[in-house]
Structures are given as structure tokens and as C-alpha cells.
Amino acid sequence: MDEILNYFPELSLNQIHQFELLSELYNSWNEKINVISRKDISNLYVHHVLHSLAIAKFFEPTDGTTFLDLGTGGGFPGIPLAIMWPNCKFHLIDRIAKKIRVASEIANSINLTNVSFQHGDVGECKQKFDFTVSRAVMPLDKLIKCVIKNISRNQFNSIPNGLICLKGGELEGEIQEIHHPFMEINISDYFSEEYFSTKKIIYVQLS
């Protein structure tokens with residue numbers, strides 16, 4: 001939790017409380033339903049919460065901005081971002097029902113009111129959003145094909161609507177398949193922990 005406060009000192013007391021509650025909640029749920037590797041649950045705040053919040057270092061959305069979190073798993077990056085941006089709306093979707101259940105229960109437990117949940121495939125989602133966010137879900141070209149129909153054409157943010165995803169490892173092959181304007185950002189530009197040395201944000205303009 002100290003890492004969150006270090007990089008985001010402007011958090012309100014309510015936001016701090018919500019972030020603090022995540023540790024006990026994820027540890028408790030993870031014993032029943034494995035949404036985070038048991039070897040990695042002790043790294044919850046750096047590897048999962050702070051990693052998700054790298055997107056909040058990349059840009060600041062206008063109030064009312066809508067986000068689709070594709071393949072949210074146990075709620076990443078959607079839940080940390082929904083805490084960070086209470087005046088934006090998030091729709092979290094995943095094919096695995098038990099993972100959506102965990103994310104929903106945790107959101108309810110911390111009184112997170114700007115989130116909704118859907119169990120299913122993104123092809124079943126007909127809503128439009130300003131941005132899609134995701135965390136290591138699938139190759140970029142497939143991800144773009146899945147979500148481009150869900151991107152709204154209404155523009156009111158500092159960057160055009162599109163896809164913002166968290167990626168790691170060797171991405172040259174994936175990036176070569178992008179046929180839209182894009183940006184590649186090193187998360188190590190924001191966070192000094194060794195974990196982020198190979199982590200990136202890929203933003204793709206889809207509107």
C-alpha cells in the first residue's frame with residue numbers, strides 16, 4: 001500500500017480506505033477462488049494494483065468517460081482505475097464466471113459504485129465506450145479486432161478514443177501488426193520498481 005501512496009499522494013481518504021481494503025479482500029477470496037497466482041498474492045499492490053494504475057499516469061480522463069475492461073479476471077485494471085477515477089464509469093467483462101463474481105463482490109465490499117459487470121464474451125457486449133483497457137489478455141491485433149466495434153466516436157478527452165493495454169515482454173511482433181496510430185510507453189518512466197522494467201502501456205487510436 002505504501003507504493004500506492006508514494007506515487008499517488010493526492011488520494012482522498014475514501015480512496016485510501018478503498019485501496020487498503022483490497023489486501024484483505026483479495027487474500028480472502030483468493031483462498032476460495034484462485035484469481036491471482038498463490039505465489040504472487042503477496043505482491044498484490046505492486047504487481048496488480050500499481051501496475052493497473054500505470055494507466056492513470058499515462059492520462060487523466062474527463063469526468064464521465066466510459067471504459068470497457070476486457071478480460072478483467074479478478075478486476076484488473078478496472079477496479080483500481082475505478083477507485084482512482086470515481087467520476088468515470090467502468091464495465092468489466094470476463095468469460096470466467098467465478099472471476100467476475102470475485103471482482104463484483106470486492107467492488108460491493110468497498111462500495112465502488114461506478115462499475116458494472118458482465119459474464120461472457122466481448123462479442124456479446126453491444127455497448128459503446130470511450131476506451132477499452134486490458135491487461136495481458138491477447139495479442140494486440142486480435143484485441144483490436146474484438147473491441148473496435150465498442151469504441152465510441154464521441155470525442156471529449158485529451159487523446160482520441162481507443163485501446164489502452166498493459167503489456168510485458170517482447171512486443172515487436174505484435175506491434176508490427178498494428179495498423180492504427182499508436183504509442184508505446186515504458187511503465188518504468190513512471191515507477192521505479194524492478195518489476196516494471198519490461199512492462200509497457202500500448203495505446204492504440206481506434207476512433
# chains A, B, ... in the order shown; residues from 1 in each chain; ligands from 1
call {"tool": "select_by_dssp", "arguments": {"residues": "chain A", "states": "strand (DSSP E)", "output": "PyMOL selection string"}}
result
chain A and resi 66-70+89-94+115-119+131-135+162-168+182-186+199-205
call {"tool": "write_last_selection", "arguments": {"atoms": "N, CA and C atoms", "output": "CSV table (one decimal), in the first residue's frame"}}
result
chain,number,residue,atom,x,y,z
A,66,THR,N,-16.1,6.7,-20.3
A,66,THR,CA,-16.5,5.3,-20.1
A,66,THR,C,-15.4,4.4,-20.5
A,67,PHE,N,-15.3,3.3,-19.8
A,67,PHE,CA,-14.2,2.3,-20.0
A,67,PHE,C,-14.8,0.9,-20.1
A,68,LEU,N,-14.3,0.1,-21.0
A,68,LEU,CA,-14.6,-1.3,-21.0
A,68,LEU,C,-13.3,-2.0,-20.6
A,69,ASP,N,-13.4,-2.8,-19.6
A,69,ASP,CA,-12.2,-3.6,-19.1
A,69,ASP,C,-12.4,-5.1,-19.6
A,70,LEU,N,-11.7,-5.4,-20.7
A,70,LEU,CA,-11.9,-6.7,-21.4
A,70,LEU,C,-11.0,-7.7,-20.7
A,89,LYS,N,-17.0,5.8,-15.6
A,89,LYS,CA,-17.7,4.5,-15.5
A,89,LYS,C,-17.0,3.4,-16.1
A,90,PHE,N,-17.0,2.2,-15.5
A,90,PHE,CA,-16.3,1.1,-15.9
A,90,PHE,C,-17.2,-0.2,-16.1
A,91,HIS,N,-17.1,-0.9,-17.2
A,91,HIS,CA,-17.8,-2.1,-17.4
A,91,HIS,C,-16.8,-3.2,-17.5
A,92,LEU,N,-16.8,-4.2,-16.6
A,92,LEU,CA,-15.8,-5.2,-16.5
A,92,LEU,C,-16.4,-6.5,-17.1
A,93,ILE,N,-15.7,-7.1,-18.0
A,93,ILE,CA,-16.2,-8.3,-18.6
A,93,ILE,C,-15.2,-9.4,-18.6
A,94,ASP,N,-15.6,-10.7,-18.4
A,94,ASP,CA,-14.7,-11.8,-18.4
A,94,ASP,C,-15.5,-13.1,-18.8
A,115,VAL,N,-19.0,0.9,-11.3
A,115,VAL,CA,-18.6,-0.3,-12.0
A,115,VAL,C,-19.8,-1.1,-12.3
A,116,SER,N,-19.8,-1.8,-13.4
A,116,SER,CA,-20.8,-2.8,-13.8
A,116,SER,C,-20.0,-4.1,-14.3
A,117,PHE,N,-20.7,-5.2,-14.3
A,117,PHE,CA,-20.0,-6.5,-14.6
A,117,PHE,C,-20.8,-7.3,-15.6
A,118,GLN,N,-20.1,-8.0,-16.4
A,118,GLN,CA,-20.7,-8.9,-17.4
A,118,GLN,C,-19.9,-10.2,-17.5
A,119,HIS,N,-20.6,-11.3,-17.3
A,119,HIS,CA,-20.0,-12.6,-17.6
A,119,HIS,C,-20.3,-13.0,-19.1
A,131,PHE,N,-13.0,4.2,-24.1
A,131,PHE,CA,-11.8,3.5,-24.1
A,131,PHE,C,-12.0,2.0,-23.7
A,132,THR,N,-11.2,1.1,-24.3
A,132,THR,CA,-11.1,-0.2,-23.7
A,132,THR,C,-9.7,-0.3,-23.0
A,133,VAL,N,-9.7,-0.9,-21.8
A,133,VAL,CA,-8.5,-1.2,-21.1
A,133,VAL,C,-8.3,-2.7,-21.0
A,134,SER,N,-7.1,-3.2,-21.0
A,134,SER,CA,-6.9,-4.6,-20.8
A,134,SER,C,-5.5,-4.9,-20.2
A,135,ARG,N,-5.3,-6.0,-19.7
A,135,ARG,CA,-4.1,-6.4,-19.1
A,135,ARG,C,-3.7,-7.8,-19.5
A,162,GLY,N,-9.9,4.9,-27.9
A,162,GLY,CA,-9.2,3.8,-28.4
A,162,GLY,C,-8.9,2.7,-27.3
A,163,LEU,N,-7.8,2.0,-27.5
A,163,LEU,CA,-7.4,0.9,-26.6
A,163,LEU,C,-6.2,1.3,-25.8
A,164,ILE,N,-6.2,1.0,-24.5
A,164,ILE,CA,-5.1,1.2,-23.7
A,164,ILE,C,-4.8,-0.1,-23.0
A,165,CYS,N,-3.7,-0.8,-23.3
A,165,CYS,CA,-3.4,-2.1,-22.7
A,165,CYS,C,-2.1,-2.1,-22.0
A,166,LEU,N,-2.0,-3.0,-21.0
A,166,LEU,CA,-0.8,-3.2,-20.3
A,166,LEU,C,-0.2,-4.5,-20.8
A,167,LYS,N,1.1,-4.4,-21.2
A,167,LYS,CA,1.8,-5.5,-21.8
A,167,LYS,C,3.2,-5.7,-21.2
A,168,GLY,N,3.7,-6.9,-21.4
A,168,GLY,CA,5.1,-7.1,-20.9
A,168,GLY,C,5.8,-8.0,-21.9
A,182,PHE,N,-0.5,4.6,-32.9
A,182,PHE,CA,-0.3,4.0,-31.6
A,182,PHE,C,0.8,4.7,-30.9
A,183,MET,N,0.9,4.5,-29.6
A,183,MET,CA,2.0,4.9,-28.7
A,183,MET,C,2.5,3.8,-27.9
A,184,GLU,N,3.8,3.7,-27.6
A,184,GLU,CA,4.4,2.7,-26.8
A,184,GLU,C,5.1,3.4,-25.6
A,185,ILE,N,4.7,3.1,-24.4
A,185,ILE,CA,5.2,3.9,-23.2
A,185,ILE,C,5.8,2.9,-22.3
A,186,ASN,N,7.0,3.2,-21.8
A,186,ASN,CA,7.6,2.3,-20.8
A,186,ASN,C,7.1,2.7,-19.4
A,199,LYS,N,7.8,-3.7,-18.5
A,199,LYS,CA,6.3,-3.5,-18.7
A,199,LYS,C,6.1,-2.2,-19.5
A,200,LYS,N,5.0,-2.3,-20.3
A,200,LYS,CA,4.7,-1.2,-21.2
A,200,LYS,C,3.2,-0.9,-21.2
A,201,ILE,N,2.8,0.3,-21.6
A,201,ILE,CA,1.5,0.7,-22.0
A,201,ILE,C,1.5,0.8,-23.5
A,202,ILE,N,0.5,0.2,-24.1
A,202,ILE,CA,0.3,0.4,-25.6
A,202,ILE,C,-1.0,1.0,-25.8
A,203,TYR,N,-1.0,2.2,-26.3
A,203,TYR,CA,-2.2,3.0,-26.6
A,203,TYR,C,-2.4,2.9,-28.2
A,204,VAL,N,-3.6,2.5,-28.6
A,204,VAL,CA,-3.9,2.5,-30.0
A,204,VAL,C,-5.2,3.3,-30.2
A,205,GLN,N,-5.1,4.3,-31.2
A,205,GLN,CA,-6.2,5.1,-31.5
A,205,GLN,C,-7.2,4.4,-32.4
call {"tool": "select_by_dssp", "arguments": {"residues": "stretch 14-179 of chain A", "states": "alpha helix (DSSP H)", "output": "VMD selection string"}}
result
chain A and resid 14 to 32 51 to 58 78 to 84 97 to 109 140 to 147 172 to 176
call {"tool": "atom_distance", "arguments": {"atom1": "atom CA of A:Ala56", "atom2": "atom CA of A:Met84"}}
result
7.7 Å
call {"tool": "residues_around", "arguments": {"residues": "A:Pro139", "least_positions_apart": "5", "cutoff": "10 Å", "atoms": "only C-alpha atoms", "output": "NGL selection string"}}
result
:A and (144 or 167 or 171 or 173-175 or 177)
call {"tool": "write_last_selection", "arguments": {"atoms": "C-alpha atoms", "output": "PDB file, in the first residue's frame"}}
result
ATOM      1  CA  ILE A 144      -8.165  -4.509 -31.676  1.00  0.00           C
ATOM      2  CA  LYS A 167       1.792  -5.499 -21.817  1.00  0.00           C
ATOM      3  CA  LEU A 171       6.278  -6.889 -28.270  1.00  0.00           C
ATOM      4  CA  GLY A 173       5.991  -8.838 -33.459  1.00  0.00           C
ATOM      5  CA  GLU A 174       2.671  -7.685 -32.021  1.00  0.00           C
ATOM      6  CA  ILE A 175       3.374  -4.029 -32.721  1.00  0.00           C
ATOM      7  CA  GLU A 177       0.559  -5.969 -36.744  1.00  0.00           C
TER       8      GLU A 177
END
call {"tool": "closest_residue", "arguments": {"among": "A:Val102, A:Ile83, A:Ile55, A:Ile159", "to": "A:Ile36", "atoms": "only C-alpha atoms"}}
result
A:Val102
call {"tool": "residues_around", "arguments": {"residues": "A:Glu20", "least_positions_apart": "5", "cutoff": "10 Å", "atoms": "only C-alpha atoms", "output": "ChimeraX atom specification"}}
result
/A:1-2,4,14-15,25,45,110
call {"tool": "write_last_selection", "arguments": {"atoms": "N, CA, C and O atoms", "output": "PDB file, in the first residue's frame"}}
result
ATOM      1  N   MET A   1       0.831  -1.214   0.000  1.00  0.00           N
ATOM      2  CA  MET A   1       0.000   0.000   0.000  1.00  0.00           C
ATOM      3  C   MET A   1       0.866   1.266   0.000  1.00  0.00           C
ATOM      4  O   MET A   1       0.491   2.286  -0.563  1.00  0.00           O
ATOM      5  N   ASP A   2       2.054   1.192   0.602  1.00  0.00           N
ATOM      6  CA  ASP A   2       2.938   2.360   0.641  1.00  0.00           C
ATOM      7  C   ASP A   2       3.307   2.821  -0.764  1.00  0.00           C
ATOM      8  O   ASP A   2       3.459   4.018  -1.003  1.00  0.00           O
ATOM      9  N   ILE A   4       1.463   2.736  -3.418  1.00  0.00           N
ATOM     10  CA  ILE A   4       0.348   3.489  -3.992  1.00  0.00           C
ATOM     11  C   ILE A   4       0.385   4.928  -3.491  1.00  0.00           C
ATOM     12  O   ILE A   4       0.265   5.882  -4.272  1.00  0.00           O
ATOM     13  N   ASN A  14     -11.207   8.510   1.357  1.00  0.00           N
ATOM     14  CA  ASN A  14     -12.055   7.405   0.910  1.00  0.00           C
ATOM     15  C   ASN A  14     -11.314   6.495  -0.059  1.00  0.00           C
ATOM     16  O   ASN A  14     -11.403   5.262   0.032  1.00  0.00           O
ATOM     17  N   GLN A  15     -10.567   7.083  -0.990  1.00  0.00           N
ATOM     18  CA  GLN A  15      -9.796   6.275  -1.929  1.00  0.00           C
ATOM     19  C   GLN A  15      -8.734   5.454  -1.197  1.00  0.00           C
ATOM     20  O   GLN A  15      -8.533   4.268  -1.501  1.00  0.00           O
ATOM     21  N   LEU A  25      -9.407  -8.367   1.223  1.00  0.00           N
ATOM     22  CA  LEU A  25     -10.444  -8.938   0.364  1.00  0.00           C
ATOM     23  C   LEU A  25      -9.866  -9.902  -0.671  1.00  0.00           C
ATOM     24  O   LEU A  25     -10.380 -11.014  -0.848  1.00  0.00           O
ATOM     25  N   TYR A  45      -0.111  -5.338  -4.276  1.00  0.00           N
ATOM     26  CA  TYR A  45      -0.122  -3.898  -4.516  1.00  0.00           C
ATOM     27  C   TYR A  45       0.798  -3.464  -5.645  1.00  0.00           C
ATOM     28  O   TYR A  45       0.434  -2.592  -6.437  1.00  0.00           O
ATOM     29  N   ILE A 110     -16.200  -2.677  -1.125  1.00  0.00           N
ATOM     30  CA  ILE A 110     -15.559  -1.375  -0.925  1.00  0.00           C
ATOM     31  C   ILE A 110     -16.469  -0.223  -1.369  1.00  0.00           C
ATOM     32  O   ILE A 110     -16.024   0.915  -1.483  1.00  0.00           O
TER      33      ILE A 110
END
call {"tool": "closest_residue", "arguments": {"among": "A:Leu206, A:Leu143, A:Leu22, A:Ile79", "to": "A:Ser104", "atoms": "only C-alpha atoms"}}
result
A:Ile79
call {"tool": "atom_distance", "arguments": {"atom1": "atom CA of A:His51", "atom2": "atom CA of A:Ser23"}}
result
15.0 Å
call {"tool": "closest_residue", "arguments": {"among": "A:Glu24, A:Glu105, A:Cys146, A:His47", "to": "A:Phe76", "atoms": "only C-alpha atoms"}}
result
A:His47
call {"tool": "atom_distance", "arguments": {"atom1": "atom CA of A:Cys88", "atom2": "atom CA of A:Asn157"}}
result
12.1 Å
call {"tool": "residues_around", "arguments": {"residues": "A:Leu21", "least_positions_apart": "5", "cutoff": "9 Å", "atoms": "only C-alpha atoms", "output": "number ranges by chain"}}
result
A: 16, 26, 109-110
call {"tool": "closest_residue", "arguments": {"among": "A:Lys128, A:His48, A:His17, A:Lys98", "to": "A:Phe196", "atoms": "only C-alpha atoms"}}
result
A:His48
call {"tool": "closest_residue", "arguments": {"among": "A:Ser28, A:Gln18, A:Asn150, A:Asn6", "to": "A:Thr113", "atoms": "only C-alpha atoms"}}
result
A:Gln18
call {"tool": "decode", "arguments": {"residues": "stretch 166-203 of chain A", "atoms": "N, CA, C and O atoms", "output": "short mmCIF file (atom, residue, chain, number, x, y, z; two decimals), in the first residue's frame"}}
result
data_model
loop_
_atom_site.label_atom_id
_atom_site.label_comp_id
_atom_site.auth_asym_id
_atom_site.auth_seq_id
_atom_site.Cartn_x
_atom_site.Cartn_y
_atom_site.Cartn_z
N LEU A 166 -2.01 -2.97 -21.02
CA LEU A 166 -0.79 -3.22 -20.26
C LEU A 166 -0.16 -4.49 -20.79
O LEU A 166 -0.80 -5.54 -20.83
N LYS A 167 1.10 -4.38 -21.20
CA LYS A 167 1.79 -5.50 -21.82
C LYS A 167 3.18 -5.66 -21.23
O LYS A 167 3.76 -4.70 -20.70
N GLY A 168 3.74 -6.85 -21.38
CA GLY A 168 5.10 -7.11 -20.95
C GLY A 168 5.82 -8.00 -21.94
O GLY A 168 5.21 -8.61 -22.80
N GLY A 169 7.15 -8.05 -21.82
CA GLY A 169 7.92 -8.94 -22.67
C GLY A 169 8.21 -8.36 -24.03
O GLY A 169 8.09 -7.15 -24.26
N GLU A 170 8.55 -9.22 -24.97
CA GLU A 170 8.91 -8.82 -26.32
C GLU A 170 7.65 -8.53 -27.14
O GLU A 170 6.83 -9.41 -27.36
N LEU A 171 7.51 -7.30 -27.60
CA LEU A 171 6.28 -6.89 -28.27
C LEU A 171 6.47 -6.52 -29.74
O LEU A 171 5.51 -6.15 -30.40
N GLU A 172 7.70 -6.63 -30.24
CA GLU A 172 7.96 -6.16 -31.61
C GLU A 172 7.05 -6.81 -32.63
O GLU A 172 6.50 -6.15 -33.51
N GLY A 173 6.85 -8.13 -32.51
CA GLY A 173 5.99 -8.84 -33.46
C GLY A 173 4.56 -8.37 -33.40
O GLY A 173 3.92 -8.17 -34.44
N GLU A 174 4.05 -8.16 -32.18
CA GLU A 174 2.67 -7.69 -32.02
C GLU A 174 2.50 -6.27 -32.57
O GLU A 174 1.51 -5.95 -33.23
N ILE A 175 3.46 -5.42 -32.30
CA ILE A 175 3.37 -4.03 -32.72
C ILE A 175 3.38 -3.91 -34.24
O ILE A 175 2.71 -3.05 -34.82
N GLN A 176 4.11 -4.78 -34.91
CA GLN A 176 4.15 -4.76 -36.37
C GLN A 176 2.79 -5.02 -37.00
O GLN A 176 2.56 -4.67 -38.16
N GLU A 177 1.89 -5.64 -36.24
CA GLU A 177 0.56 -5.97 -36.74
C GLU A 177 -0.46 -4.86 -36.49
O GLU A 177 -1.62 -4.99 -36.87
N ILE A 178 -0.04 -3.77 -35.84
CA ILE A 178 -0.95 -2.65 -35.58
C ILE A 178 -1.01 -1.75 -36.81
O ILE A 178 0.01 -1.26 -37.28
N HIS A 179 -2.20 -1.52 -37.32
CA HIS A 179 -2.38 -0.68 -38.50
C HIS A 179 -3.17 0.58 -38.17
O HIS A 179 -3.90 1.11 -39.00
N HIS A 180 -3.03 1.03 -36.93
CA HIS A 180 -3.67 2.26 -36.46
C HIS A 180 -2.59 3.10 -35.78
O HIS A 180 -1.56 2.57 -35.37
N PRO A 181 -2.81 4.40 -35.61
CA PRO A 181 -1.88 5.22 -34.84
C PRO A 181 -1.75 4.67 -33.42
O PRO A 181 -2.75 4.29 -32.80
N PHE A 182 -0.53 4.60 -32.92
CA PHE A 182 -0.34 4.03 -31.58
C PHE A 182 0.83 4.69 -30.88
O PHE A 182 1.66 5.37 -31.49
N MET A 183 0.89 4.48 -29.56
CA MET A 183 2.00 4.93 -28.73
C MET A 183 2.47 3.76 -27.87
O MET A 183 1.65 2.96 -27.41
N GLU A 184 3.76 3.69 -27.64
CA GLU A 184 4.35 2.67 -26.76
C GLU A 184 5.08 3.40 -25.64
O GLU A 184 5.98 4.20 -25.89
N ILE A 185 4.67 3.14 -24.40
CA ILE A 185 5.20 3.87 -23.25
C ILE A 185 5.80 2.89 -22.26
O ILE A 185 5.17 1.88 -21.90
N ASN A 186 7.00 3.15 -21.80
CA ASN A 186 7.64 2.32 -20.78
C ASN A 186 7.08 2.68 -19.41
O ASN A 186 7.15 3.85 -18.99
N ILE A 187 6.54 1.70 -18.71
CA ILE A 187 6.00 1.98 -17.37
C ILE A 187 7.12 2.36 -16.40
O ILE A 187 6.90 3.06 -15.41
N SER A 188 8.34 1.95 -16.70
CA SER A 188 9.49 2.34 -15.87
C SER A 188 9.71 3.85 -15.89
O SER A 188 10.43 4.38 -15.04
N ASP A 189 9.09 4.55 -16.84
CA ASP A 189 9.14 6.01 -16.83
C ASP A 189 8.34 6.59 -15.66
O ASP A 189 8.57 7.74 -15.25
N TYR A 190 7.40 5.79 -15.14
CA TYR A 190 6.53 6.24 -14.05
C TYR A 190 6.93 5.63 -12.71
O TYR A 190 6.85 6.31 -11.69
N PHE A 191 7.27 4.36 -12.71
CA PHE A 191 7.51 3.61 -11.47
C PHE A 191 8.91 3.02 -11.48
O PHE A 191 9.36 2.48 -12.50
N SER A 192 9.59 3.08 -10.34
CA SER A 192 11.00 2.67 -10.27
C SER A 192 11.21 1.21 -9.89
O SER A 192 12.33 0.70 -9.99
N GLU A 193 10.16 0.52 -9.47
CA GLU A 193 10.32 -0.89 -9.06
C GLU A 193 10.83 -1.75 -10.22
O GLU A 193 10.39 -1.58 -11.36
N GLU A 194 11.68 -2.71 -9.91
CA GLU A 194 12.28 -3.58 -10.93
C GLU A 194 11.22 -4.33 -11.73
O GLU A 194 11.40 -4.60 -12.92
N TYR A 195 10.11 -4.64 -11.11
CA TYR A 195 9.04 -5.37 -11.78
C TYR A 195 8.60 -4.70 -13.08
O TYR A 195 8.19 -5.37 -14.03
N PHE A 196 8.71 -3.37 -13.14
CA PHE A 196 8.20 -2.63 -14.29
C PHE A 196 9.24 -2.41 -15.39
O PHE A 196 8.94 -1.74 -16.38
N SER A 197 10.41 -2.99 -15.23
CA SER A 197 11.49 -2.71 -16.19
C SER A 197 11.16 -3.16 -17.61
O SER A 197 11.65 -2.59 -18.58
N THR A 198 10.32 -4.18 -17.74
CA THR A 198 9.95 -4.68 -19.08
C THR A 198 8.47 -4.46 -19.38
O THR A 198 7.96 -4.97 -20.38
N LYS A 199 7.77 -3.71 -18.53
CA LYS A 199 6.33 -3.51 -18.70
C LYS A 199 6.06 -2.25 -19.52
O LYS A 199 6.75 -1.24 -19.37
N LYS A 200 5.03 -2.32 -20.35
CA LYS A 200 4.70 -1.19 -21.23
C LYS A 200 3.19 -0.93 -21.24
O LYS A 200 2.39 -1.82 -20.97
N ILE A 201 2.84 0.30 -21.59
CA ILE A 201 1.49 0.66 -21.97
C ILE A 201 1.49 0.80 -23.50
O ILE A 201 2.35 1.46 -24.06
N ILE A 202 0.53 0.17 -24.14
CA ILE A 202 0.32 0.36 -25.57
C ILE A 202 -1.03 1.04 -25.75
O ILE A 202 -2.07 0.51 -25.35
N TYR A 203 -0.99 2.25 -26.32
CA TYR A 203 -2.21 2.98 -26.64
C TYR A 203 -2.41 2.94 -28.15
O TYR A 203 -1.50 3.26 -28.92
#
